[in-house]
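Below: the structure, in structure tokens.
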Amino acid sequence: MRRIIIGGTKSGCGKTTVTCAVLAALKKRGINVSAFKCGPDYIDPMFHRKVIGVSSHNLDSFFCERDTLLALLDEHGRNSDISVIEGVMGFYDGSCGSAHSLSEITETPAIIVIDCKGMSDSIGAVMSGFLNYRQNRIAGFIFDRLPEKLIPLAEELCRELGTEYFGCLPKSDVTIESRHLGLVTADEIGDIQAKLTRLGELAEQYIDIDKLLETESSPLPSYRAPSIVKLPNAPVIAVSRDSAFCFMYGENVELLEKMGCKIEYFSPLTDCAVPRADGLILCGGYPELYASELAENRAMLASVKSCIDAGMPTIAECGGFMYLHDELTDKNGKSYPMAGVINGRTFPTGRLQRFGYITLNAKRDTILCGQGGAVRAHEFHYWDSTSCGSGLTAEKNDGRTWDCCHISEHFYAGFPHIYFYSDIAAAERFVKKCIEYGEKNGQDKTYHLGG
């Protein structure tokens, strides 16, 4: 399996721009390419999908054990000519969830993107630091925002340091805006296809695509695929999906489908009711940007509340959690009524709250695990709540802990995002709760259509 990781020196160094440029150039050549994102990011895979026309997948070495990572990489990359994996933050950042960690586990060569704005000879110091910091599989470098007059310097630095020059991207008029959770999503950019086409042209002109394709990859290490049981009488699960609720790991849905579940997508923005279902997932996203429209859709708010009040097994993460509150306050300080399941309001803080990987420890039996069990999760949000819950104890790697989440045997709601492949038993537990609910209620599910 031919594969590369496009890592970077830091967040915001141009990894996504370079990755999209490379993907666009490969696609233009007619090469069958698969795309992946290292870490828990939702937005970058949306851009990958816009380029190559098929889903991009997350590979997260905090969430997943070695064998699961290799199985996911193999499953979604085995039929491609090359797999391109975009890194996360700086190459070494993120401890066990870093791009460096993923490179080592999957034995994948890495190409490091350096933002060269404001530098000349110091570029060499950055290169030397990344090459020598610790054992790695760095194959070479791509130089972002490199003035054309410095291309000979970059080439010479690569020769001196015994590494490969894979090219550069000069400063251009192709820009992708950002907001408080990262880049603006791909669907929000009206001229996204024109931008991606232009990036592909720049890649063909300035990046050595042939050399990328020739980068030597060892055979994928052997692994034991995780066991996934297809459950009898598997349920229908309603999953939110629209502009306000767009943060959902594709692997979560795929795993539910492998278990036999049928997924029914719906829009809290535009639909009037939750579809007929046995379970409900309200995923993350940007409800704060659509607070007025969400509040005006009173039929949907009533439908969601009716489902949960009736005991429908529910997972509500981050944006979905915010939607369940009495009120949501937007960045201008205006408050809007929401579903009223959780007595409290969410509000902007202007900075990241409790950012990063955590382990959620259960104080009692829950929809995700039994008492004393644990589930890995990730938080990334600028809004907070007057009612974060206290059903689980979150623990950081550095030992810090705090209580969080509203939890029961049929309900999970909180800011932390869950990745089902980190604990397939948690997904199975949720599905079984949905099956029990469906069997208990039979075909009479009209109650959740709201008032």
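If you're wondering about the labels, chains in the structure tokens are A, B, ... by order shown, residues count from 1 in each chain, ligands from 1 in order shown.
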*asked:* Neighbouring residues of A:Leu352 were defined as those with any atom within 10 Å, considering only C-alpha atoms; residues of the same chain fewer than 4 positions away were excluded. Please report them as a list in words.
replied: His180, Leu181, Pro348, Gly356, Glu379, Phe380, His381, Tyr382, Trp383 and Asp384 of chain A
Write a file of the selected residues as a CSV table (one decimal), in the first residue's frame, keeping N, CA and C atoms.
chain,number,residue,atom,x,y,z
A,180,HIS,N,-13.8,30.0,14.8
A,180,HIS,CA,-13.3,29.6,16.1
A,180,HIS,C,-13.1,28.1,16.3
A,181,LEU,N,-13.6,27.2,15.4
A,181,LEU,CA,-13.3,25.8,15.5
A,181,LEU,C,-12.4,25.3,14.3
A,348,PRO,N,-21.0,31.9,25.0
A,348,PRO,CA,-19.7,32.0,24.5
A,348,PRO,C,-18.7,32.4,25.5
A,356,GLY,N,-8.9,19.2,24.3
A,356,GLY,CA,-8.0,18.0,24.2
A,356,GLY,C,-8.6,16.7,24.5
A,379,GLU,N,-12.5,17.0,23.5
A,379,GLU,CA,-13.3,18.2,23.6
A,379,GLU,C,-12.6,19.3,22.8
A,380,PHE,N,-13.5,20.1,22.2
A,380,PHE,CA,-13.0,21.3,21.4
A,380,PHE,C,-14.1,22.2,21.2
A,381,HIS,N,-14.2,23.2,22.0
A,381,HIS,CA,-15.4,24.1,22.0
A,381,HIS,C,-15.1,25.4,22.7
A,382,TYR,N,-15.7,26.5,22.2
A,382,TYR,CA,-15.5,27.8,22.7
A,382,TYR,C,-16.8,28.2,23.6
A,383,TRP,N,-17.8,27.5,23.5
A,383,TRP,CA,-19.0,27.7,24.3
A,383,TRP,C,-19.0,26.9,25.5
A,384,ASP,N,-19.6,27.4,26.6
A,384,ASP,CA,-19.7,26.6,27.8
A,384,ASP,C,-21.2,26.5,28.3
*Of the candidates A:Leu282, A:Ala125, A:Cys318, A:Ala339, which one gets nearest to A:Ala302 if we count only C-alpha atoms?*
A:Ala339
_List the spatial neighbours of stretch 265-272 of chain A as a ChimeraX atom specification - criterion: any atom at most 12 Å away, only C-alpha atoms, same-chain residues fewer than 4 positions off excluded._
/A:236-246,248,253,276-277,279-283,285-287,289-304,319-320,323-324,338-339,448-451
_Which of stretch 288-434 of chain A fall in strand (DSSP E), as number ranges by chain_ = A: 314-317, 325-329, 335-337, 342-348, 356-362, 374-379, 383-385, 392-395, 401-404, 406-407, 411-414, 417-418
Atoms to include: C-alpha atoms. Write the selected residues as a short mmCIF file (atom, residue, chain, number, x, y, z; two decimals), in the first residue's frame.
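Below you can see part-v8.cif, which holds the result:
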data_model
loop_
_atom_site.label_atom_id
_atom_site.label_comp_id
_atom_site.auth_asym_id
_atom_site.auth_seq_id
_atom_site.Cartn_x
_atom_site.Cartn_y
_atom_site.Cartn_z
CA THR A 314 -29.81 9.34 22.75
CA ILE A 315 -26.25 10.54 22.25
CA ALA A 316 -25.85 14.33 22.07
CA GLU A 317 -22.29 15.61 21.61
CA HIS A 325 -30.48 23.30 26.63
CA ASP A 326 -33.21 25.74 27.61
CA GLU A 327 -31.30 28.54 25.88
CA LEU A 328 -28.34 29.13 23.57
CA THR A 329 -26.58 32.51 23.66
CA SER A 335 -30.30 34.20 23.67
CA TYR A 336 -32.59 31.79 21.81
CA PRO A 337 -34.87 29.05 23.15
CA ILE A 342 -31.37 20.27 29.91
CA ASN A 343 -32.16 23.06 32.36
CA GLY A 344 -29.48 25.61 31.63
CA ARG A 345 -28.01 27.81 28.93
CA THR A 346 -24.90 27.73 26.79
CA PHE A 347 -22.83 30.85 26.28
CA PRO A 348 -19.66 32.01 24.46
CA GLY A 356 -7.97 18.03 24.21
CA TYR A 357 -8.13 14.31 24.79
CA ILE A 358 -9.79 12.94 27.92
CA THR A 359 -10.92 9.65 29.41
CA LEU A 360 -14.49 9.56 30.72
CA ASN A 361 -14.88 7.37 33.81
CA ALA A 362 -18.35 6.09 34.69
CA ALA A 374 -14.18 4.23 30.79
CA VAL A 375 -14.56 5.74 27.34
CA ARG A 376 -12.03 7.91 25.51
CA ALA A 377 -13.22 11.28 24.19
CA HIS A 378 -12.13 14.67 22.88
CA GLU A 379 -13.26 18.23 23.65
CA TRP A 383 -19.03 27.75 24.26
CA ASP A 384 -19.71 26.58 27.80
CA SER A 385 -22.79 25.62 29.81
CA LEU A 392 -18.93 11.13 34.40
CA THR A 393 -15.46 12.07 35.58
CA ALA A 394 -13.16 13.41 32.86
CA GLU A 395 -9.46 12.72 33.29
CA THR A 401 -10.04 15.68 36.61
CA TRP A 402 -13.51 17.24 36.58
CA ASP A 403 -17.11 16.10 36.51
CA CYS A 404 -19.09 16.40 33.29
CA HIS A 406 -25.58 14.20 31.71
CA ILE A 407 -25.73 10.42 31.65
CA PHE A 411 -28.99 9.13 27.60
CA TYR A 412 -25.58 10.75 27.02
CA ALA A 413 -25.24 14.53 26.60
CA GLY A 414 -22.08 16.55 27.02
CA HIS A 417 -17.04 13.77 21.39
CA ILE A 418 -17.02 9.96 21.31
#
